[in-house]
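Shown next: run_21.txt, given as compact mmCIF, N, CA and C atoms.
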# COMPACT_ATOMS: atom_id res chain seq x y z
N TYR A 6 -20.72 -22.33 85.79
CA TYR A 6 -19.72 -22.26 84.75
C TYR A 6 -20.04 -21.09 83.84
N GLN A 7 -19.13 -20.14 83.73
CA GLN A 7 -19.37 -18.92 82.98
C GLN A 7 -18.90 -19.00 81.53
N GLY A 8 -18.30 -20.07 81.13
CA GLY A 8 -17.80 -20.22 79.77
C GLY A 8 -18.92 -20.12 78.74
N SER A 9 -20.06 -20.70 79.03
CA SER A 9 -21.18 -20.66 78.09
C SER A 9 -21.71 -19.23 77.93
N ARG A 10 -21.75 -18.50 79.04
CA ARG A 10 -22.23 -17.13 78.98
C ARG A 10 -21.27 -16.25 78.16
N VAL A 11 -19.99 -16.42 78.37
CA VAL A 11 -18.99 -15.65 77.63
C VAL A 11 -19.05 -16.00 76.15
N GLU A 12 -19.18 -17.28 75.85
CA GLU A 12 -19.29 -17.70 74.45
C GLU A 12 -20.56 -17.15 73.80
N ALA A 13 -21.64 -17.13 74.55
CA ALA A 13 -22.90 -16.61 74.02
C ALA A 13 -22.78 -15.11 73.76
N ASP A 14 -22.16 -14.38 74.70
CA ASP A 14 -21.96 -12.94 74.49
C ASP A 14 -21.05 -12.69 73.29
N SER A 15 -20.03 -13.47 73.18
CA SER A 15 -19.09 -13.34 72.06
C SER A 15 -19.79 -13.64 70.73
N ALA A 16 -20.61 -14.66 70.70
CA ALA A 16 -21.35 -15.01 69.48
C ALA A 16 -22.35 -13.91 69.13
N ARG A 17 -22.98 -13.35 70.15
CA ARG A 17 -23.93 -12.27 69.93
C ARG A 17 -23.23 -11.04 69.35
N GLN A 18 -22.06 -10.73 69.87
CA GLN A 18 -21.29 -9.58 69.36
C GLN A 18 -20.80 -9.83 67.93
N ARG A 19 -20.38 -11.06 67.64
CA ARG A 19 -19.95 -11.39 66.27
C ARG A 19 -21.13 -11.26 65.31
N ALA A 20 -22.30 -11.71 65.74
CA ALA A 20 -23.49 -11.60 64.90
C ALA A 20 -23.84 -10.13 64.66
N ARG A 21 -23.68 -9.33 65.70
CA ARG A 21 -23.97 -7.90 65.56
C ARG A 21 -22.98 -7.23 64.59
N VAL A 22 -21.72 -7.60 64.68
CA VAL A 22 -20.70 -7.06 63.77
C VAL A 22 -21.03 -7.47 62.33
N GLN A 23 -21.40 -8.73 62.15
CA GLN A 23 -21.74 -9.20 60.80
C GLN A 23 -22.97 -8.47 60.26
N GLN A 24 -23.93 -8.22 61.12
CA GLN A 24 -25.13 -7.49 60.70
C GLN A 24 -24.76 -6.07 60.27
N LYS A 25 -23.93 -5.40 61.04
CA LYS A 25 -23.51 -4.04 60.70
C LYS A 25 -22.68 -4.04 59.41
N GLN A 26 -21.86 -5.05 59.21
CA GLN A 26 -21.09 -5.15 57.97
C GLN A 26 -22.02 -5.33 56.77
N ALA A 27 -23.06 -6.13 56.95
CA ALA A 27 -24.03 -6.33 55.87
C ALA A 27 -24.78 -5.04 55.57
N GLU A 28 -25.15 -4.30 56.61
CA GLU A 28 -25.83 -3.01 56.41
C GLU A 28 -24.92 -2.03 55.68
N LEU A 29 -23.65 -2.01 56.08
CA LEU A 29 -22.69 -1.13 55.43
C LEU A 29 -22.52 -1.50 53.96
N ALA A 30 -22.45 -2.78 53.67
CA ALA A 30 -22.32 -3.23 52.28
C ALA A 30 -23.55 -2.83 51.47
N ALA A 31 -24.73 -2.91 52.08
CA ALA A 31 -25.96 -2.51 51.38
C ALA A 31 -25.95 -1.00 51.09
N TYR A 32 -25.51 -0.19 52.06
CA TYR A 32 -25.41 1.25 51.84
C TYR A 32 -24.39 1.58 50.76
N GLU A 33 -23.26 0.88 50.78
CA GLU A 33 -22.24 1.11 49.75
C GLU A 33 -22.78 0.78 48.37
N LEU A 34 -23.53 -0.31 48.28
CA LEU A 34 -24.11 -0.70 47.00
C LEU A 34 -25.11 0.35 46.51
N ALA A 35 -25.94 0.84 47.42
CA ALA A 35 -26.92 1.87 47.05
C ALA A 35 -26.21 3.15 46.61
N LEU A 36 -25.14 3.51 47.30
CA LEU A 36 -24.37 4.70 46.94
C LEU A 36 -23.73 4.54 45.57
N ARG A 37 -23.14 3.38 45.32
CA ARG A 37 -22.53 3.12 44.01
C ARG A 37 -23.58 3.20 42.90
N GLN A 38 -24.77 2.69 43.17
CA GLN A 38 -25.84 2.74 42.17
C GLN A 38 -26.24 4.18 41.89
N GLN A 39 -26.34 4.99 42.94
CA GLN A 39 -26.68 6.40 42.74
C GLN A 39 -25.62 7.13 41.93
N VAL A 40 -24.35 6.86 42.24
CA VAL A 40 -23.26 7.49 41.48
C VAL A 40 -23.34 7.07 40.02
N LEU A 41 -23.58 5.79 39.78
CA LEU A 41 -23.70 5.30 38.40
C LEU A 41 -24.87 5.97 37.69
N ASP A 42 -26.00 6.09 38.37
CA ASP A 42 -27.18 6.73 37.77
C ASP A 42 -26.88 8.18 37.37
N TYR A 43 -26.25 8.93 38.28
CA TYR A 43 -25.93 10.32 37.97
C TYR A 43 -24.87 10.43 36.87
N TRP A 44 -23.91 9.52 36.87
CA TRP A 44 -22.89 9.52 35.83
C TRP A 44 -23.52 9.26 34.47
N MET A 45 -24.44 8.30 34.41
CA MET A 45 -25.13 8.01 33.15
C MET A 45 -26.00 9.19 32.72
N GLU A 46 -26.68 9.81 33.68
CA GLU A 46 -27.50 10.98 33.37
C GLU A 46 -26.63 12.11 32.83
N LEU A 47 -25.46 12.29 33.44
CA LEU A 47 -24.54 13.33 32.99
C LEU A 47 -24.08 13.08 31.56
N ASN A 48 -23.75 11.85 31.24
CA ASN A 48 -23.36 11.52 29.87
C ASN A 48 -24.50 11.78 28.89
N GLN A 49 -25.70 11.41 29.28
CA GLN A 49 -26.87 11.64 28.43
C GLN A 49 -27.10 13.14 28.22
N LEU A 50 -26.92 13.92 29.27
CA LEU A 50 -27.10 15.37 29.16
C LEU A 50 -26.03 16.00 28.26
N ARG A 51 -24.83 15.46 28.31
CA ARG A 51 -23.77 16.00 27.43
C ARG A 51 -24.07 15.70 25.97
N VAL A 52 -24.60 14.52 25.70
CA VAL A 52 -25.01 14.20 24.32
C VAL A 52 -26.14 15.12 23.89
N ALA A 53 -27.08 15.35 24.80
CA ALA A 53 -28.19 16.25 24.49
C ALA A 53 -27.68 17.67 24.24
N ALA A 54 -26.64 18.08 24.97
CA ALA A 54 -26.06 19.41 24.76
C ALA A 54 -25.48 19.53 23.35
N GLU A 55 -24.83 18.49 22.89
CA GLU A 55 -24.30 18.50 21.52
C GLU A 55 -25.44 18.61 20.50
N GLU A 56 -26.50 17.86 20.74
CA GLU A 56 -27.66 17.91 19.85
C GLU A 56 -28.27 19.32 19.83
N ILE A 57 -28.39 19.91 20.99
CA ILE A 57 -28.96 21.26 21.09
C ILE A 57 -28.06 22.26 20.37
N THR A 58 -26.76 22.10 20.50
CA THR A 58 -25.83 23.00 19.82
C THR A 58 -25.98 22.92 18.31
N VAL A 59 -26.07 21.70 17.79
CA VAL A 59 -26.24 21.53 16.35
C VAL A 59 -27.57 22.11 15.89
N THR A 60 -28.62 21.85 16.66
CA THR A 60 -29.93 22.40 16.32
C THR A 60 -29.90 23.93 16.38
N GLY A 61 -29.20 24.47 17.37
CA GLY A 61 -29.08 25.92 17.49
C GLY A 61 -28.35 26.53 16.30
N ASP A 62 -27.30 25.86 15.85
CA ASP A 62 -26.58 26.35 14.66
C ASP A 62 -27.51 26.37 13.45
N TYR A 63 -28.29 25.31 13.30
CA TYR A 63 -29.23 25.26 12.18
C TYR A 63 -30.26 26.38 12.30
N ARG A 64 -30.78 26.57 13.51
CA ARG A 64 -31.80 27.62 13.71
C ARG A 64 -31.22 29.01 13.41
N ASP A 65 -29.97 29.24 13.79
CA ASP A 65 -29.33 30.52 13.46
C ASP A 65 -29.25 30.73 11.96
N LEU A 66 -28.84 29.70 11.25
CA LEU A 66 -28.75 29.82 9.79
C LEU A 66 -30.13 30.03 9.18
N TYR A 67 -31.12 29.31 9.70
CA TYR A 67 -32.48 29.45 9.19
C TYR A 67 -33.01 30.86 9.47
N LEU A 68 -32.67 31.40 10.63
CA LEU A 68 -33.09 32.77 10.96
C LEU A 68 -32.46 33.77 9.99
N ASP A 69 -31.18 33.58 9.70
CA ASP A 69 -30.53 34.47 8.72
C ASP A 69 -31.22 34.37 7.36
N ARG A 70 -31.56 33.17 6.96
CA ARG A 70 -32.27 32.96 5.69
C ARG A 70 -33.62 33.66 5.72
N SER A 71 -34.34 33.49 6.83
CA SER A 71 -35.67 34.11 6.95
C SER A 71 -35.57 35.63 6.93
N ARG A 72 -34.56 36.18 7.58
CA ARG A 72 -34.37 37.64 7.57
C ARG A 72 -34.12 38.14 6.15
N THR A 73 -33.26 37.42 5.45
CA THR A 73 -32.95 37.82 4.07
C THR A 73 -34.20 37.78 3.21
N LEU A 74 -34.96 36.70 3.31
CA LEU A 74 -36.19 36.59 2.52
C LEU A 74 -37.20 37.65 2.92
N TYR A 75 -37.25 37.97 4.22
CA TYR A 75 -38.18 39.00 4.69
C TYR A 75 -37.79 40.36 4.13
N GLU A 76 -36.47 40.65 4.15
CA GLU A 76 -36.01 41.94 3.63
C GLU A 76 -36.25 42.06 2.12
N LEU A 77 -36.24 40.93 1.43
CA LEU A 77 -36.51 40.95 -0.01
C LEU A 77 -38.01 40.85 -0.32
N ASP A 78 -38.83 40.86 0.73
CA ASP A 78 -40.29 40.75 0.60
C ASP A 78 -40.71 39.48 -0.13
N LEU A 79 -39.96 38.39 0.09
CA LEU A 79 -40.31 37.12 -0.54
C LEU A 79 -41.03 36.18 0.42
N SER A 80 -40.82 36.36 1.71
CA SER A 80 -41.41 35.45 2.69
C SER A 80 -41.61 36.21 4.00
N SER A 81 -42.51 35.69 4.82
CA SER A 81 -42.78 36.38 6.08
C SER A 81 -42.80 35.41 7.26
N ASP A 82 -41.88 34.44 7.30
CA ASP A 82 -41.84 33.50 8.42
C ASP A 82 -40.76 33.87 9.43
N LEU A 83 -40.43 35.15 9.51
CA LEU A 83 -39.40 35.63 10.42
C LEU A 83 -39.79 35.39 11.88
N GLY A 84 -41.05 35.62 12.21
CA GLY A 84 -41.51 35.42 13.58
C GLY A 84 -41.36 33.99 14.03
N ASP A 85 -41.66 33.04 13.16
CA ASP A 85 -41.51 31.63 13.48
C ASP A 85 -40.04 31.29 13.74
N SER A 86 -39.16 31.83 12.93
CA SER A 86 -37.73 31.58 13.11
C SER A 86 -37.24 32.15 14.43
N MET A 87 -37.72 33.33 14.78
CA MET A 87 -37.31 33.95 16.04
C MET A 87 -37.83 33.16 17.24
N THR A 88 -39.03 32.61 17.11
CA THR A 88 -39.59 31.77 18.17
C THR A 88 -38.77 30.50 18.35
N GLN A 89 -38.34 29.91 17.25
CA GLN A 89 -37.52 28.71 17.33
C GLN A 89 -36.17 29.00 17.97
N ILE A 90 -35.60 30.16 17.69
CA ILE A 90 -34.33 30.56 18.33
C ILE A 90 -34.53 30.70 19.84
N ALA A 91 -35.62 31.33 20.25
CA ALA A 91 -35.90 31.49 21.68
C ALA A 91 -36.06 30.12 22.34
N ASP A 92 -36.72 29.20 21.65
CA ASP A 92 -36.92 27.85 22.19
C ASP A 92 -35.59 27.13 22.36
N ILE A 93 -34.71 27.23 21.39
CA ILE A 93 -33.43 26.53 21.48
C ILE A 93 -32.56 27.15 22.58
N GLN A 94 -32.67 28.46 22.77
CA GLN A 94 -31.92 29.11 23.85
C GLN A 94 -32.42 28.63 25.21
N PHE A 95 -33.73 28.45 25.33
CA PHE A 95 -34.29 27.91 26.57
C PHE A 95 -33.79 26.49 26.80
N GLN A 96 -33.79 25.66 25.75
CA GLN A 96 -33.30 24.29 25.88
C GLN A 96 -31.84 24.26 26.29
N GLN A 97 -31.02 25.17 25.76
CA GLN A 97 -29.61 25.23 26.14
C GLN A 97 -29.46 25.59 27.61
N ALA A 98 -30.22 26.56 28.08
CA ALA A 98 -30.15 26.97 29.48
C ALA A 98 -30.61 25.84 30.40
N LYS A 99 -31.68 25.17 30.02
CA LYS A 99 -32.20 24.06 30.81
C LYS A 99 -31.19 22.93 30.88
N ASN A 100 -30.56 22.60 29.75
CA ASN A 100 -29.57 21.53 29.70
C ASN A 100 -28.35 21.88 30.55
N THR A 101 -27.90 23.12 30.47
CA THR A 101 -26.75 23.56 31.27
C THR A 101 -27.07 23.44 32.76
N TYR A 102 -28.27 23.84 33.15
CA TYR A 102 -28.69 23.72 34.55
C TYR A 102 -28.71 22.26 34.99
N GLN A 103 -29.26 21.38 34.17
CA GLN A 103 -29.34 19.97 34.51
C GLN A 103 -27.95 19.35 34.64
N ILE A 104 -27.02 19.75 33.77
CA ILE A 104 -25.65 19.25 33.87
C ILE A 104 -25.02 19.69 35.19
N GLN A 105 -25.19 20.96 35.55
CA GLN A 105 -24.62 21.46 36.80
C GLN A 105 -25.25 20.77 38.01
N LEU A 106 -26.53 20.49 37.93
CA LEU A 106 -27.21 19.80 39.02
C LEU A 106 -26.70 18.37 39.16
N ALA A 107 -26.52 17.66 38.05
CA ALA A 107 -25.98 16.30 38.10
C ALA A 107 -24.56 16.30 38.63
N LEU A 108 -23.75 17.28 38.23
CA LEU A 108 -22.38 17.38 38.75
C LEU A 108 -22.39 17.63 40.25
N ALA A 109 -23.30 18.47 40.72
CA ALA A 109 -23.40 18.74 42.16
C ALA A 109 -23.81 17.49 42.92
N HIS A 110 -24.74 16.71 42.37
CA HIS A 110 -25.13 15.46 43.01
C HIS A 110 -23.94 14.50 43.09
N LEU A 111 -23.21 14.37 42.00
CA LEU A 111 -22.04 13.50 42.00
C LEU A 111 -21.00 13.97 43.02
N LYS A 112 -20.80 15.27 43.07
CA LYS A 112 -19.83 15.82 44.02
C LYS A 112 -20.27 15.53 45.45
N ALA A 113 -21.56 15.66 45.71
CA ALA A 113 -22.07 15.39 47.05
C ALA A 113 -21.94 13.91 47.41
N LEU A 114 -22.25 13.04 46.46
CA LEU A 114 -22.19 11.60 46.73
C LEU A 114 -20.76 11.09 46.91
N THR A 115 -19.80 11.75 46.27
CA THR A 115 -18.41 11.30 46.37
C THR A 115 -17.64 12.04 47.46
N GLY A 116 -18.31 12.88 48.23
CA GLY A 116 -17.66 13.57 49.34
C GLY A 116 -16.96 14.85 48.93
N GLY A 117 -17.14 15.29 47.73
CA GLY A 117 -16.49 16.51 47.26
C GLY A 117 -16.94 17.75 48.01
N LEU A 118 -18.19 17.79 48.44
CA LEU A 118 -18.69 18.96 49.17
C LEU A 118 -18.03 19.05 50.54
N LEU A 119 -17.82 17.90 51.18
CA LEU A 119 -17.18 17.91 52.50
C LEU A 119 -15.74 18.39 52.40
N LYS A 120 -15.03 17.97 51.36
CA LYS A 120 -13.65 18.41 51.16
C LYS A 120 -13.60 19.91 50.93
N ALA A 121 -14.56 20.43 50.16
CA ALA A 121 -14.60 21.86 49.87
C ALA A 121 -14.87 22.66 51.13
N GLU A 122 -15.73 22.16 52.01
CA GLU A 122 -16.04 22.86 53.26
C GLU A 122 -14.83 22.90 54.18
N LYS A 123 -14.08 21.81 54.26
CA LYS A 123 -12.89 21.78 55.11
C LYS A 123 -11.85 22.76 54.60
N GLY A 124 -11.69 22.84 53.28
CA GLY A 124 -10.72 23.74 52.69
C GLY A 124 -11.13 25.20 52.79
N ALA A 125 -12.43 25.47 52.86
CA ALA A 125 -12.93 26.84 52.90
C ALA A 125 -12.65 27.50 54.25
N GLY A 126 -12.56 26.74 55.30
CA GLY A 126 -12.32 27.29 56.63
C GLY A 126 -10.88 27.68 56.88
N LYS A 127 -9.97 27.25 56.04
CA LYS A 127 -8.56 27.56 56.22
C LYS A 127 -8.22 28.87 55.54
N PRO A 128 -7.33 29.67 56.16
CA PRO A 128 -6.95 30.94 55.54
C PRO A 128 -6.03 30.76 54.36

Produce structure tokens that represent the structure in this file.
Amino acid sequence: YQGSRVEADSARQRARVQQKQAELAAYELALRQQVLDYWMELNQLRVAAEEITVTGDYRDLYLDRSRTLYELDLSSDLGDSMTQIADIQFQQAKNTYQIQLALAHLKALTGGLLKAEKGAGKP
């Protein structure tokens, strides 16, 4: 009687399908978590960019103040002010790079890179 064998094969295939569905669900969950992590990082970097901008504005004003005091021979902390300006410029460049990197990760995780490649091959 082959009915038992057919039922066993059918049950085995159903179990295999369920296993693959569970694996797919686990991958989808991991992908969603990665997207969420990069999205949160991107938001944090944007807040940091605002902070850096405000700090940069303050440093510019402080540098102008230091230059004026230096020209009036009242103070000599111009070098310190210039160093702080260089530091804030570095922080701005680093933050911009990190934002672009997070955006690239998000684009890759959401399939944006694949869409761009398909569109690039067309005239």

Quick one: residues within 8 Å of stretch 69-73 of chain A, all atoms listed in the file counted, chain neighbours fewer than 4 positions away excluded, as a short mmCIF file (atom, residue, chain, number, x, y, z; two decimals) with N, CA and C atoms, keeping the file's coordinate frame?
data_model
loop_
_atom_site.label_atom_id
_atom_site.label_comp_id
_atom_site.auth_asym_id
_atom_site.auth_seq_id
_atom_site.Cartn_x
_atom_site.Cartn_y
_atom_site.Cartn_z
N TYR A 63 -28.29 25.31 13.30
CA TYR A 63 -29.23 25.26 12.18
C TYR A 63 -30.26 26.38 12.30
N ARG A 64 -30.78 26.57 13.51
CA ARG A 64 -31.80 27.62 13.71
C ARG A 64 -31.22 29.01 13.41
N ASP A 65 -29.97 29.24 13.79
CA ASP A 65 -29.33 30.52 13.46
C ASP A 65 -29.25 30.73 11.96
N LEU A 77 -36.24 40.93 1.43
CA LEU A 77 -36.51 40.95 -0.01
C LEU A 77 -38.01 40.85 -0.32
N ASP A 78 -38.83 40.86 0.73
CA ASP A 78 -40.29 40.75 0.60
C ASP A 78 -40.71 39.48 -0.13
N LEU A 79 -39.96 38.39 0.09
CA LEU A 79 -40.31 37.12 -0.54
C LEU A 79 -41.03 36.18 0.42
N SER A 80 -40.82 36.36 1.71
CA SER A 80 -41.41 35.45 2.69
C SER A 80 -41.61 36.21 4.00
N SER A 81 -42.51 35.69 4.82
CA SER A 81 -42.78 36.38 6.08
C SER A 81 -42.80 35.41 7.26
N ASP A 82 -41.88 34.44 7.30
CA ASP A 82 -41.84 33.50 8.42
C ASP A 82 -40.76 33.87 9.43
N LEU A 83 -40.43 35.15 9.51
CA LEU A 83 -39.40 35.63 10.42
C LEU A 83 -39.79 35.39 11.88
N GLY A 84 -41.05 35.62 12.21
CA GLY A 84 -41.51 35.42 13.58
C GLY A 84 -41.36 33.99 14.03
N SER A 86 -39.16 31.83 12.93
CA SER A 86 -37.73 31.58 13.11
C SER A 86 -37.24 32.15 14.43
#

Write out as a compact mmCIF listing (two decimals) with N, CA and C atoms, in the coordinates of the input the residues lying within 8 Å of A:Leu111, counting all atoms listed in the file and excluding same-chain residues fewer than 6 positions away.
# COMPACT_ATOMS: atom_id res chain seq x y z
N GLN A 39 -26.34 4.99 42.94
CA GLN A 39 -26.68 6.40 42.74
C GLN A 39 -25.62 7.13 41.93
N VAL A 40 -24.35 6.86 42.24
CA VAL A 40 -23.26 7.49 41.48
C VAL A 40 -23.34 7.07 40.02
N TYR A 43 -26.25 8.93 38.28
CA TYR A 43 -25.93 10.32 37.97
C TYR A 43 -24.87 10.43 36.87
N TRP A 44 -23.91 9.52 36.87
CA TRP A 44 -22.89 9.52 35.83
C TRP A 44 -23.52 9.26 34.47
N GLN A 105 -25.19 20.96 35.55
CA GLN A 105 -24.62 21.46 36.80
C GLN A 105 -25.25 20.77 38.01
N GLY A 117 -17.14 15.29 47.73
CA GLY A 117 -16.49 16.51 47.26
C GLY A 117 -16.94 17.75 48.01
N LEU A 118 -18.19 17.79 48.44
CA LEU A 118 -18.69 18.96 49.17
C LEU A 118 -18.03 19.05 50.54

Query raised in the report: Mind pulling up the distance from atom CA of A:Leu47 to atom CA of A:Ile104?
Result: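 Distance between the two atoms: 6.1 Å.
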